[in-house]
Protein chains: 2
Amino acid sequence: MIRYTHNYRVRYNETDFLGRLSIPALGDCLLDVAGLHALDISTGIDTLQQQGLTWVIAGMKFKLGTMPTINSRFDVATCVPVCTRITTQRDFVASVGGVTFAEVSSEWLIINMSTRRPVFINEVLPQLENACGDGTPLDRYKHLRHSSVGEEFVMNRTIGYSDVDVNRHLYSMRYLQMALDTFDTNFMTHNRICEIDVNFVSEVFWGQSVEIIRRSSDNIHNIEMQHNGKVVFRAEFVSTQLE
Amino acid sequence: MIRYTHNYRVRYNETDFLGRLSIPALGDCLLDVAGLHALDISTGIDTLQQQGLTWVIAGMKFKLGTMPTINSRFDVATCVPVCTRITTQRDFVASVGGVTFAEVSSEWLIINMSTRRPVFINEVLPQLENACGDGTPLDRYKHLRHSSVGEEFVMNRTIGYSDVDVNRHLYSMRYLQMALDTFDTNFMTHNRICEIDVNFVSEVFWGQSVEIIRRSSDNIHNIEMQHNGKVVFRAEFVSTQLE
């Protein structure tokens with residue numbers, strides 16, 4: 001199936017303090033539907049793990065409207081509009097009653113779990129080609145650079161048991177959650193995040209300490225996560241003031 | 001309805017690094033089904049918030065078997081076997097294909113959101129009495145005391161945006177997640193948590209710093225969370241070694 005859709009209900013734990021679906025919880029649903037679609041077309045993590053391989057995410061771009069509230073039902077549709085030898089682009093559209101509230105593109109690699117190096121996708125998953133659609137892909141994330149604009153806010157975290165996933169590295173949405181945790185509740189009450197570019201630069205493992213640095217200038221917020229002074233993650237958030 | 005059941009599927013983000021449903025993710029489902037049941041019998045948080053009130057959880061007891069793996073489907077059944085003027089006991093049984101893997105009891109209060117003090121439940125929710133079942137309640141959590149047995153492990157955290165819920169305090173399952181994060185992945189690989197007593201002592205708010213102290217002795221693990229030297233949470237975990 002070229003396009004795959006799944007229906008979700010916003011659960012209590014998936015909302016933020018304002019009672020709206022949080023961005024990491026939306027991300028959880030996107031990764032879930034990606035997994036269901038991949039399972040459906042036999043290109044899932046279960047197929048890869050038998051060969052000592054796994055999918056990893058390289059980047060994402062979010063365009064976000066107003067998020068749904070507790071117990072709202074929403075659809076997430078996904079497809080894979082672009083396949084190259086090394087990467088695939090998977091797109092997501094999330095909607096309530098046919099009205100889109102999120103468009104998200106994502107870029108994926110397959111890595112060898114021992115060497116942690118990428119492999120040629122067409123060699124290990126030739127069947128993926130049949131699922132590659134001919135639709136127009138969503139905008140791709142931009143490659144972010146170090147920013148020195150704006151006041152610096154720094155947060156430290158050590159990667160714990162609950163932060164790592166079955167790939168035994170920091171779960172992708174946990175990077176995003178930590179980036180969002182650099183904002184205060186006052187900011188989140190009066191502003192809405194409307195766009196995010198995400199670069200997953202390096203893996204982070206259990207027990208490692210990371211530094212999360214945010215620099216905000218007007219409505220642009222640059223976030224960098226570092227481990228031992230080396231950049232492992234970058235994100236740029238664009239916010240819009242609520243009336 | 002006296003007994004309410006909902007079916008869940010284990011999502012990718014709900015598992016730990018071993019690929020099994022995590023305890024906080026099970027807790028998310030329990031709170032979700034509690035919310036659905038309460039909505040069904042008009043005793044939910046939405047009804048209470050109109051009166052400036054909300055449900056808060058005072059304690060939980062978990063008895064846990066082997067947790068289901070990614071994409072497994074499981075049922076959570078809930079009922080309210082005990083109602084007093086000040087507290088209610090809500091029980092949960094989680095099962096896969098009729099085989100129970102978790103029995104959890106929980107105790108709840110209703111508080112005034114301004115004064116943060118409890119109110120008489122029968123006065124604000126007289127309709128709850130009809131839902132109070134006559135089944136045998138599960139074992140109630142025990143009241144925990146300070147432990148000074150075993151080596152001390154200390155972790156510090158500051159409560160961030162993603163940690164607070166619509167009640168604008170630290171989300172109950174986040175206390176448990178932080179408690180679990182005091183364990184290392186080596187321990188979690190070779191042991192399984194089979195029983196937990198949880199005491200939610202005090203609310204914690206955004207921006208506050210907490211210290212999480214674990215003392216382990218054999219298979220008993222006492223965890224205390226403190227804010228400014230004052231205990232806000234206690235838990236006792238019992239583990240069993242995996243073969």
# chains A, B, ... in the order shown; residues from 1 in each chain; ligands from 1
$ closest_atom_pairs --of "chain B" --to "chain A" --cutoff "9 Å" --atoms "only C-alpha atoms" --output "tab-separated table"
residue	atom	partner	partner_atom	distance
B:Arg11	CA	A:Asp32	CA	6.2
B:Tyr12	CA	A:Asp32	CA	6.1
B:Asn13	CA	A:Asp28	CA	6.1
B:Glu14	CA	A:Asp28	CA	8.9
B:Thr15	CA	A:Asp165	CA	7.2
B:Asp16	CA	A:Asp165	CA	5.7
B:Phe17	CA	A:Val166	CA	4.0
B:Leu18	CA	A:Val166	CA	5.9
B:Gly19	CA	A:Val166	CA	5.6
B:Ser22	CA	A:Ser162	CA	8.3
B:Pro24	CA	A:Ser162	CA	9.0
B:Asp28	CA	A:Asn13	CA	6.1
B:Cys29	CA	A:Arg11	CA	8.4
B:Leu31	CA	A:Tyr12	CA	7.6
B:Asp32	CA	A:Tyr12	CA	6.1
B:Gly35	CA	A:Tyr12	CA	7.9
B:Leu36	CA	A:Asn71	CA	8.8
B:Asn71	CA	A:Leu36	CA	8.8
B:Arg157	CA	A:Arg157	CA	8.0
B:Ile159	CA	A:Asp181	CA	8.7
B:Gly160	CA	A:Asp181	CA	5.1
B:Tyr161	CA	A:Asp181	CA	5.1
B:Ser162	CA	A:Asp181	CA	6.1
B:Asp163	CA	A:Asp16	CA	8.4
B:Val164	CA	A:Phe17	CA	5.8
B:Asp165	CA	A:Phe17	CA	4.4
B:Val166	CA	A:Phe17	CA	4.0
B:Asn167	CA	A:Phe17	CA	6.9
B:Arg168	CA	A:Phe17	CA	5.7
B:His169	CA	A:Phe17	CA	8.4
B:Tyr171	CA	A:Asn13	CA	8.1
B:Met173	CA	A:Asn13	CA	8.7
B:Gln177	CA	A:Ser162	CA	6.7
B:Met178	CA	A:Ser162	CA	8.2
B:Leu180	CA	A:Tyr161	CA	7.1
B:Asp181	CA	A:Tyr161	CA	5.1
B:Thr182	CA	A:Gly160	CA	7.5
B:Phe183	CA	A:Tyr161	CA	6.9
B:Asp184	CA	A:Tyr161	CA	6.3
B:Thr185	CA	A:Tyr161	CA	6.0
B:Met188	CA	A:Tyr161	CA	8.3
B:Trp206	CA	A:Thr185	CA	7.5
B:Gly207	CA	A:Asp184	CA	8.0
$ select_by_dssp --residues "region 61-207 of chain B" --states "strand (DSSP E or B)" --output "JSON, numbers by chain"
{"B": [61, 62, 63, 64, 69, 73, 74, 75, 76, 77, 78, 79, 80, 81, 82, 83, 88, 89, 90, 91, 92, 93, 94, 95, 96, 99, 100, 101, 102, 103, 104, 105, 106, 107, 108, 109, 110, 111, 112, 118, 132, 151, 152, 153, 154, 155, 156, 157, 158, 164, 170, 191, 192, 193, 194, 195, 196, 197, 198, 199, 200]}
$ select_by_dssp --residues "region 2-42 of chain A" --states "alpha helix (DSSP H)" --output "list of chain:residue names"
A:Ile23, A:Pro24, A:Ala25, A:Leu26, A:Gly27, A:Asp28, A:Cys29, A:Leu30, A:Leu31, A:Asp32, A:Val33, A:Ala34, A:Gly35, A:Leu36, A:His37, A:Ala38, A:Leu39, A:Asp40
$ write_last_selection --atoms "C-alpha atoms" --output "CSV table (one decimal), in the first residue's frame"
chain,number,residue,atom,x,y,z
A,23,ILE,CA,4.7,17.9,19.8
A,24,PRO,CA,6.7,14.8,21.0
A,25,ALA,CA,3.4,12.9,21.5
A,26,LEU,CA,2.4,13.8,17.9
A,27,GLY,CA,5.9,12.5,16.9
A,28,ASP,CA,5.3,9.2,18.8
A,29,CYS,CA,2.1,8.7,16.6
A,30,LEU,CA,4.1,9.6,13.4
A,31,LEU,CA,6.7,7.0,14.3
A,32,ASP,CA,4.0,4.5,15.2
A,33,VAL,CA,2.2,4.9,11.9
A,34,ALA,CA,5.5,4.7,10.1
A,35,GLY,CA,6.1,1.4,11.9
A,36,LEU,CA,2.6,0.1,11.0
A,37,HIS,CA,3.1,1.0,7.4
A,38,ALA,CA,6.6,-0.5,7.2
A,39,LEU,CA,5.2,-3.7,8.8
A,40,ASP,CA,2.4,-3.8,6.2
$ closest_residue --among "A:Arg117, A:His146, A:Arg90, A:Arg85" --to "Gly133 (chain A)" --atoms "only C-alpha atoms"
A:Arg90
$ residues_around --residues "region 47-51 of chain A" --least-positions-apart "2" --cutoff "9 Å" --atoms "only C-alpha atoms" --output "list in words"
Leu39, Ser42, Thr43, Gly44, Ile45, Leu53, Thr54, Trp55, Ile110, Asn112, Met113, Val124 and Leu125 of chain A
$ write_last_selection --atoms "N, CA, C and O atoms" --output "PDB file, in the first residue's frame"
ATOM      1  N   LEU A  39       5.564  -2.326   8.535  1.00  0.00           N
ATOM      2  CA  LEU A  39       5.179  -3.707   8.837  1.00  0.00           C
ATOM      3  C   LEU A  39       4.294  -4.249   7.705  1.00  0.00           C
ATOM      4  O   LEU A  39       4.471  -5.373   7.233  1.00  0.00           O
ATOM      5  N   SER A  42       6.363  -5.005   4.706  1.00  0.00           N
ATOM      6  CA  SER A  42       7.536  -5.844   5.020  1.00  0.00           C
ATOM      7  C   SER A  42       8.868  -5.097   4.930  1.00  0.00           C
ATOM      8  O   SER A  42       9.864  -5.633   4.439  1.00  0.00           O
ATOM      9  N   THR A  43       8.868  -3.850   5.375  1.00  0.00           N
ATOM     10  CA  THR A  43      10.119  -3.086   5.394  1.00  0.00           C
ATOM     11  C   THR A  43      10.371  -2.568   6.815  1.00  0.00           C
ATOM     12  O   THR A  43      11.063  -1.575   7.006  1.00  0.00           O
ATOM     13  N   GLY A  44       9.793  -3.243   7.792  1.00  0.00           N
ATOM     14  CA  GLY A  44       9.836  -2.752   9.179  1.00  0.00           C
ATOM     15  C   GLY A  44      11.106  -3.132   9.901  1.00  0.00           C
ATOM     16  O   GLY A  44      11.951  -3.895   9.402  1.00  0.00           O
ATOM     17  N   ILE A  45      11.211  -2.608  11.103  1.00  0.00           N
ATOM     18  CA  ILE A  45      12.372  -2.791  11.957  1.00  0.00           C
ATOM     19  C   ILE A  45      12.566  -4.281  12.302  1.00  0.00           C
ATOM     20  O   ILE A  45      13.698  -4.759  12.440  1.00  0.00           O
ATOM     21  N   LEU A  53      20.315  -4.986  11.151  1.00  0.00           N
ATOM     22  CA  LEU A  53      20.175  -3.616  10.632  1.00  0.00           C
ATOM     23  C   LEU A  53      19.022  -2.921  11.341  1.00  0.00           C
ATOM     24  O   LEU A  53      18.168  -3.561  11.938  1.00  0.00           O
ATOM     25  N   THR A  54      18.972  -1.593  11.239  1.00  0.00           N
ATOM     26  CA  THR A  54      17.814  -0.877  11.771  1.00  0.00           C
ATOM     27  C   THR A  54      17.644   0.457  11.053  1.00  0.00           C
ATOM     28  O   THR A  54      18.590   0.988  10.466  1.00  0.00           O
ATOM     29  N   TRP A  55      16.412   0.974  11.071  1.00  0.00           N
ATOM     30  CA  TRP A  55      16.116   2.309  10.551  1.00  0.00           C
ATOM     31  C   TRP A  55      16.579   3.348  11.570  1.00  0.00           C
ATOM     32  O   TRP A  55      16.341   3.179  12.761  1.00  0.00           O
ATOM     33  N   ILE A 110      19.212   3.426   6.768  1.00  0.00           N
ATOM     34  CA  ILE A 110      19.339   2.113   7.410  1.00  0.00           C
ATOM     35  C   ILE A 110      20.793   1.957   7.832  1.00  0.00           C
ATOM     36  O   ILE A 110      21.698   2.192   7.018  1.00  0.00           O
ATOM     37  N   ASN A 112      23.831  -0.445   9.977  1.00  0.00           N
ATOM     38  CA  ASN A 112      24.270  -1.718  10.533  1.00  0.00           C
ATOM     39  C   ASN A 112      24.410  -1.514  12.040  1.00  0.00           C
ATOM     40  O   ASN A 112      25.078  -0.577  12.471  1.00  0.00           O
ATOM     41  N   MET A 113      23.742  -2.345  12.833  1.00  0.00           N
ATOM     42  CA  MET A 113      23.711  -2.124  14.280  1.00  0.00           C
ATOM     43  C   MET A 113      25.072  -2.340  14.956  1.00  0.00           C
ATOM     44  O   MET A 113      25.288  -1.850  16.051  1.00  0.00           O
ATOM     45  N   VAL A 124      19.204  -3.925   0.613  1.00  0.00           N
ATOM     46  CA  VAL A 124      18.629  -4.700   1.721  1.00  0.00           C
ATOM     47  C   VAL A 124      17.099  -4.726   1.697  1.00  0.00           C
ATOM     48  O   VAL A 124      16.492  -5.659   2.220  1.00  0.00           O
ATOM     49  N   LEU A 125      16.472  -3.719   1.103  1.00  0.00           N
ATOM     50  CA  LEU A 125      15.005  -3.680   1.036  1.00  0.00           C
ATOM     51  C   LEU A 125      14.542  -3.352  -0.386  1.00  0.00           C
ATOM     52  O   LEU A 125      13.901  -2.323  -0.619  1.00  0.00           O
TER      53      LEU A 125
END
